[in-house]
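What follows is a set of notes on a single structure, which appears directly below.
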Amino acid sequence: MAASSTEPGVPDRRGPARYLWWVTVSQPRRVAAGTLLGSAWMVCLTLPPYVLSRAIDEALRPGDRSALVGWCAALFGIGALNAWLGIMRHRTMTRVRLDAYFRTVRVVVDHATRLGASLPRRVSAGEVVTIGHSDVGVISQTLTVTGPGVGAVIAYFVVAALLLSVSTLLAVVVLVGVPVLAVLIGPFLSRLQGAETAYRERQGALAAILGDLAGGLRVLNGLGGKGVFAARYREGSRRLRDEGYRVGSSMSWIQAFGLGLPTLFLAAVTWLAARMAAQGTITVGELVAVYGYVAVLVVPVAMLIEGSYDIGRGLVAARRVVDFLNLEPQGCEAARAESGTDAVAVEPEARAGNRATRVDGEHPVPGPEEPSVLRDPVSGVEVAPGLLTALVSARASDGTDIVDRLGRFVPSSVTWGPARLDAVALDEVRARILVADNEADLFAGTLRAAIAGRCSPDEDAVARAVDAAMAHDIVLGLPDGLDALLEAHGRNLSGGQRQRLRLARALLADPEVLLAVEPTSAVDAHTEANMASRLRTAREGRTTLVASTSPLVLDQADAVCFLVDGRVAAVGRHADLLAEHPGYRRLVSRGAEGGDEAEEQHTPQGHHRSHPLAEPTHEALR
């Protein structure tokens with residue numbers, strides 16, 4: 001099950017314990033080396049008391065200097081060996097933890113990529129951040145138990161065997177006493193695991209609130225809602241603090257028992273051994289050895305307690321990771337529902353995100369060789385190849401839902417030419433059909449990189465895309481032009497500027513099919529008219545669908561689909577629909593009345609809705 005340095009392997013998602021086991025056995029040689037070094041280090045800790053006892057009984061008491069020098073040299077050698085073992089153990093276990101850390105990060109990132117557009121619908125950004133920031137570290141720390149943890153168990157039995165050679169009574173006391181310590185600490189470990197679970201859940205929820213607050217700060221200021229969100233965050237922070245106190249309380253008791261009980265146990269065994277030495281049952285050297293053995297036993301006991309604590313926290317963290325990994329793209333869930341396949345029983349290739357096969361096991365069919373009609377049976381919308389089609393609906397969600405289905409972001413029975421869209425390999429769909437909406441991220445980097453995306457276009461292609469999206473004034477307005485730096489999500493730009501950059505990026509990609517949602521909703525009427533005209537020119541002969549109620553955009557469309565209650569009520573040219581359908585006329589007339597004075601409106605997640613005023617571009621002000 002070992003994976004290469006670049007491929008993390010297929011995680012076991014059947015439960016938190018199985019996931020931790022998968023992370024462990026994914027690096028068998030390194031874990032085996034850590035276990036061997038940890039065990040050797042722990043066992044070697046028991047050797048100095050034995051050597052001291054021999055030095056006392058065979059050299060110090062008889063006054064044999066040569067024997068004393070020999071035993072001291074042996075003690076020095078054992079100390080040097082143990083120091084080397086400790087260094088190698090630590091280095092090896094660090095590599096084990098780092099492997100587990102980055103392996104978990106990789107599977108989480110890969111799965112987030114596989115979820116794609118389903119991700120924000122299934123889990124909050126705060127939860128993903130908390131998994132990547134906190135849970136992966138806890139999981140990696142749990143693997144410490146494979147080294148010193150295993151060594152602690154071995155050292156426990158070694159100490160018991162050594163004590164058995166001194167006194168059967170002392171060996172029995174040790175063999176019984178250590179499990180009693182574990183029983184005393186057990187309830188606190190259970191309480192800690194429950195507190196950790198509650199703390200982790202509140203931490204994810206609070207991170208989501210913070211992300212919303214940070215992302216929509218300007219909007220909240222404008223709407224007067226910053227105080228409400230801040231109050232929610234303070235309340236969530238207070239509850240998280242209370243859960244943190246619960247965690248700290250349980251942890252403090254565990255640490256107190258972990259240090260206090262072994263010390264009391266050491267005192268009790270030493271007192272018993274001293275009584276036996278006074279009675280002559282054991283020698284003075286054996287008394288020193290017993291003290292040393294039990295003192296050394298404090299380290300394995302502490303390791304066992306710490307390991308139990310780490311396992312409890314690791315199970316909580318692994319449960320969150322497994323829950324995330326068990327999220328499936330909505331299309332995959334639909335396919336499994338049809339085939340009756342369990343999510344964790346899917347073949348490893350599908351679970352790893354291999355898009356060469358469908359989740360239900362069927363082989364994909366090729367997409368149409370020539371540009372073909374995209375048809376949505378639910379709404380009756382047909383997107384003809386090579387034409388600019390527009391969707392008009394009183395409910396913006398109707399158009400968005402249709403675009404999601406046509407772009408294969410939700411389960412549907414959409415057809416593409418003669419084939420069902422969900423039967424075509426997802427890689428091919430993504431390469432040929434592009435959905436451009438106002439939620440698309442703009443990553444931190446240069447303006448050129450934000451427009452180019454994963455393409456490597458020449459300067460002329462970038463200039464044409466920028467010009468077609470009416471974004472030339474943005475380039476001119478930034479100090480370094482295309483090499484100017486953008487903040488994450490383009491926060492140093494206005495909503496209208498971000499919208500035009502997204503359109504420029506979509507036009508530069510030049511997909512076979514472009515599905516755009518309200519690409520002009522955050523700009524003024526003059527800019528919108530130019531954008532609509534240039535969009536039509538840039539996409540001449542290519543299949544394009546635009547969801548909009550703007551007459552300026554609709555006038556450029558070859559065909560307009562008028563939707564009522566999510567279904568096509570009429571299809572025709574914009575002018576014909578205005579003359580023949582009063583409902584269509586009333587709808588687009590409302591858009592025209594507000595279009596002359598539009599203004600961008602921001603939402604916390606970067607959405608844009610049309611609003612009566614808008615930012616004019618430089619070109620509009622000339």
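The way I read the labels, and the way they are meant: chains A, B, ... in the order of the structure tokens, residue 1 as the first residue of every chain, and ligand 1 as the first ligand shown, with later ones counted on from there.
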Identify, on the basis of only C-alpha atoms, every residue whose closest approach to Ser165 of chain A does not exceed 12 Å; exclude the query and any residue fewer than 6 positions from it along the same chain; express the result as an MDAnalysis selection string.
chainID A and resid 50 158:159 171:172 282 286 289:290
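Neighbouring residues of Ala317 of chain A at 7 Å or closer, counting only C-alpha atoms and skipping chain neighbours under 5 positions away, are A:Asp135, A:Val138, A:Ile139.
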Output for the residues just chosen: N, CA, C and O atoms as a PDB file, in the first residue's frame:
ATOM      1  N   ASP A 135      -6.370  19.516  11.784  1.00  0.00           N
ATOM      2  CA  ASP A 135      -6.567  18.076  11.851  1.00  0.00           C
ATOM      3  C   ASP A 135      -5.388  17.281  11.298  1.00  0.00           C
ATOM      4  O   ASP A 135      -5.034  16.237  11.839  1.00  0.00           O
ATOM      5  N   VAL A 138      -2.750  16.987  13.937  1.00  0.00           N
ATOM      6  CA  VAL A 138      -3.120  16.045  15.002  1.00  0.00           C
ATOM      7  C   VAL A 138      -2.933  14.607  14.529  1.00  0.00           C
ATOM      8  O   VAL A 138      -2.429  13.752  15.267  1.00  0.00           O
ATOM      9  N   ILE A 139      -3.342  14.329  13.298  1.00  0.00           N
ATOM     10  CA  ILE A 139      -3.188  12.972  12.756  1.00  0.00           C
ATOM     11  C   ILE A 139      -1.716  12.594  12.685  1.00  0.00           C
ATOM     12  O   ILE A 139      -1.328  11.464  13.037  1.00  0.00           O
TER      13      ILE A 139
END
For a quick check of understanding, using only C-alpha atoms, which of A:Met531, A:Leu60, A:Ala55, A:Ala40 has the smallest distance to Pro148 of chain A?
A:Ala40
Would you pick out the contacts of segment 73-75 of chain A at 12 Å or less, using only C-alpha atoms, so that residues sharing its chain but fewer than 2 positions from it are not included, and give the list as a CSV table (one decimal) with N, CA, C and O atoms, in the first residue's frame?
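Resulting contents of out-v1.csv:
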chain,number,residue,atom,x,y,z
A,44,CYS,N,17.1,0.1,26.2
A,44,CYS,CA,18.4,0.5,26.6
A,44,CYS,C,18.3,1.4,27.9
A,44,CYS,O,19.3,1.5,28.6
A,45,LEU,N,17.2,2.1,28.1
A,45,LEU,CA,17.1,2.9,29.3
A,45,LEU,C,17.1,2.0,30.5
A,45,LEU,O,17.4,2.5,31.6
A,46,THR,N,16.8,0.7,30.4
A,46,THR,CA,16.8,-0.2,31.6
A,46,THR,C,18.2,-0.7,31.9
A,46,THR,O,18.3,-1.3,32.9
A,47,LEU,N,19.1,-0.5,31.0
A,47,LEU,CA,20.4,-1.1,31.2
A,47,LEU,C,21.3,-0.4,32.2
A,47,LEU,O,22.0,-1.0,33.0
A,48,PRO,N,21.3,1.0,32.3
A,48,PRO,CA,22.1,1.6,33.3
A,48,PRO,C,21.8,1.2,34.7
A,48,PRO,O,22.8,1.0,35.5
A,49,PRO,N,20.5,1.0,35.2
A,49,PRO,CA,20.3,0.5,36.5
A,49,PRO,C,21.0,-0.9,36.7
A,49,PRO,O,21.5,-1.2,37.8
A,50,TYR,N,20.9,-1.8,35.7
A,50,TYR,CA,21.5,-3.1,35.8
A,50,TYR,C,23.0,-3.0,36.0
A,50,TYR,O,23.6,-3.6,36.9
A,51,VAL,N,23.6,-2.1,35.2
A,51,VAL,CA,25.1,-1.9,35.2
A,51,VAL,C,25.5,-1.3,36.6
A,51,VAL,O,26.5,-1.7,37.2
A,52,LEU,N,24.7,-0.4,37.1
A,52,LEU,CA,25.0,0.2,38.4
A,52,LEU,C,24.9,-0.8,39.5
A,52,LEU,O,25.8,-0.8,40.4
A,53,SER,N,23.9,-1.7,39.4
A,53,SER,CA,23.8,-2.7,40.5
A,53,SER,C,25.0,-3.7,40.5
A,53,SER,O,25.5,-4.0,41.5
A,54,ARG,N,25.4,-4.0,39.3
A,54,ARG,CA,26.6,-4.9,39.2
A,54,ARG,C,27.9,-4.2,39.6
A,54,ARG,O,28.7,-4.8,40.3
A,55,ALA,N,28.0,-2.9,39.3
A,55,ALA,CA,29.2,-2.2,39.7
A,55,ALA,C,29.2,-2.1,41.2
A,55,ALA,O,30.3,-2.2,41.8
A,66,SER,N,39.7,-2.3,39.2
A,66,SER,CA,39.7,-2.6,37.8
A,66,SER,C,38.3,-3.0,37.3
A,66,SER,O,37.8,-2.6,36.2
A,67,ALA,N,37.5,-3.7,38.2
A,67,ALA,CA,36.2,-4.1,37.9
A,67,ALA,C,35.3,-2.8,37.8
A,67,ALA,O,34.4,-2.6,37.0
A,68,LEU,N,35.6,-1.8,38.8
A,68,LEU,CA,34.8,-0.6,38.8
A,68,LEU,C,35.0,0.2,37.5
A,68,LEU,O,34.1,0.8,36.9
A,69,VAL,N,36.3,0.3,37.0
A,69,VAL,CA,36.6,1.0,35.8
A,69,VAL,C,35.9,0.3,34.6
A,69,VAL,O,35.3,1.0,33.7
A,70,GLY,N,35.9,-1.0,34.6
A,70,GLY,CA,35.2,-1.7,33.5
A,70,GLY,C,33.7,-1.4,33.5
A,70,GLY,O,33.1,-1.2,32.4
A,71,TRP,N,33.1,-1.5,34.7
A,71,TRP,CA,31.6,-1.2,34.7
A,71,TRP,C,31.3,0.3,34.4
A,71,TRP,O,30.3,0.6,33.7
A,77,GLY,N,29.5,3.6,27.6
A,77,GLY,CA,29.1,3.1,26.3
A,77,GLY,C,27.6,3.0,26.1
A,77,GLY,O,27.1,3.3,25.1
A,78,ILE,N,26.9,2.5,27.2
A,78,ILE,CA,25.5,2.4,27.1
A,78,ILE,C,24.8,3.8,27.0
A,78,ILE,O,23.9,4.0,26.2
A,79,GLY,N,25.4,4.8,27.7
A,79,GLY,CA,24.9,6.2,27.6
A,79,GLY,C,25.0,6.7,26.1
A,79,GLY,O,24.1,7.3,25.6
A,80,ALA,N,26.3,6.4,25.6
A,80,ALA,CA,26.5,6.9,24.2
A,80,ALA,C,25.6,6.2,23.2
A,80,ALA,O,25.0,6.8,22.3
A,81,LEU,N,25.4,4.9,23.4
A,81,LEU,CA,24.5,4.1,22.5
A,81,LEU,C,23.1,4.7,22.6
A,81,LEU,O,22.4,4.8,21.6
A,82,ASN,N,22.6,4.9,23.8
A,82,ASN,CA,21.2,5.4,24.0
A,82,ASN,C,21.1,6.8,23.4
A,82,ASN,O,20.0,7.1,22.9
Write out as number ranges by chain all residues of segment 418-456 of chain A that backbone DSSP assigns to strand (DSSP E or B).
A: 419-420, 424, 433-436, 445-446
Selection export as a PDB file, in the first residue's frame, atoms kept: C-alpha atoms:
ATOM      1  CA  ALA A 419     -25.062  11.288 -26.046  1.00  0.00           C
ATOM      2  CA  ARG A 420     -26.013  12.014 -22.457  1.00  0.00           C
ATOM      3  CA  VAL A 424     -18.984  11.697 -21.565  1.00  0.00           C
ATOM      4  CA  ILE A 433     -17.648  23.332 -22.017  1.00  0.00           C
ATOM      5  CA  LEU A 434     -16.810  26.283 -19.785  1.00  0.00           C
ATOM      6  CA  VAL A 435     -19.122  27.800 -17.181  1.00  0.00           C
ATOM      7  CA  ALA A 436     -18.277  31.435 -16.385  1.00  0.00           C
ATOM      8  CA  GLY A 445      -0.833  36.856  -8.459  1.00  0.00           C
ATOM      9  CA  THR A 446      -0.326  39.088 -11.431  1.00  0.00           C
TER      10      THR A 446
END
Just the residues within 9 Å of segment 501-515 of chain A, please, counting only C-alpha atoms, with nothing from its chain fewer than 4 positions along; format it as a ChimeraX atom specification.
/A:371,385-386,403,406-407,431-438,440-442,447,450-455,457,461-462,464-471,474,496-497,519-520,535,538-539,542-547
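One distance worth recording is that between atom CA of Met303 of chain A and atom CA of Val180 of chain A, which is 15.7 Å.
For the pair atom CA of Ala570 of chain A and atom CA of Val523 of chain A, the separation is 28.1 Å.
Between Ala100 of chain A and the candidates A:Asn326, A:Thr549, A:Gln141, A:Thr283, the tightest atom-to-atom separation, counting only C-alpha atoms, involves A:Gln141.
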Using only C-alpha atoms, which of the listed residues (A:Val381, A:Val128, A:Val43, A:Val136) sits closest to Gly566 of chain A?
A:Val381
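One distance worth recording is that between atom CA of Val373 of chain A and atom CA of Gly417 of chain A, which is 5.3 Å.
Proximity ranking of A:Leu175, A:Leu184, A:Leu485, A:Val568 relative to Ser393 of chain A places A:Val568 first, based on only C-alpha atoms.
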Quick one: residues within 9 Å of Val107 of chain A, only C-alpha atoms counted, chain neighbours fewer than 4 positions away excluded, as a PyMOL selection string?
chain A and resi 7-11+102-103+111-112+325+352
Taking N, CA and C atoms for each residue, export the selection above as a tab-separated table (two decimals), in the first residue's frame.
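out-v2.tsv, written as the output of this step:
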chain	number	residue	atom	x	y	z
A	7	GLU	N	2.42	10.46	-5.28
A	7	GLU	CA	1.06	9.94	-5.21
A	7	GLU	C	0.78	9.45	-3.79
A	8	PRO	N	-0.25	10.00	-3.14
A	8	PRO	CA	-0.50	9.62	-1.74
A	8	PRO	C	-1.11	8.23	-1.58
A	9	GLY	N	-1.66	7.66	-2.65
A	9	GLY	CA	-2.34	6.38	-2.54
A	9	GLY	C	-3.83	6.57	-2.33
A	10	VAL	N	-4.53	5.48	-2.15
A	10	VAL	CA	-5.99	5.50	-1.98
A	10	VAL	C	-6.32	5.36	-0.50
A	11	PRO	N	-6.86	6.39	0.14
A	11	PRO	CA	-7.12	6.32	1.58
A	11	PRO	C	-8.26	5.37	1.91
A	102	PHE	N	1.82	15.35	5.17
A	102	PHE	CA	1.69	15.74	3.77
A	102	PHE	C	0.86	14.74	2.97
A	103	ARG	N	0.82	13.49	3.40
A	103	ARG	CA	-0.04	12.52	2.72
A	103	ARG	C	-1.51	12.90	2.93
A	111	HIS	N	-9.05	15.54	-3.12
A	111	HIS	CA	-10.50	15.32	-3.05
A	111	HIS	C	-11.25	16.63	-3.20
A	112	ALA	N	-10.70	17.72	-2.66
A	112	ALA	CA	-11.34	19.03	-2.85
A	112	ALA	C	-11.37	19.39	-4.33
A	325	LEU	N	-13.64	13.21	3.10
A	325	LEU	CA	-13.29	12.35	1.96
A	325	LEU	C	-14.49	11.55	1.46
A	352	ALA	N	-9.89	7.46	-6.21
A	352	ALA	CA	-8.72	8.32	-6.35
A	352	ALA	C	-8.99	9.48	-7.29
Near Arg121 of chain A, counting only C-alpha atoms, which residues have an atom at most 12 Å away, once you skip same-chain residues fewer than 6 positions from it, shown as a list in words?
Ala112, Leu115, Leu327, Glu328, Pro329, Gln330, Phe409 and Val410 of chain A
List the spatial neighbours of Val571 of chain A as a ChimeraX atom specification - criterion: any atom at most 9 Å away, only C-alpha atoms, same-chain residues fewer than 5 positions off excluded.
/A:559-562,577
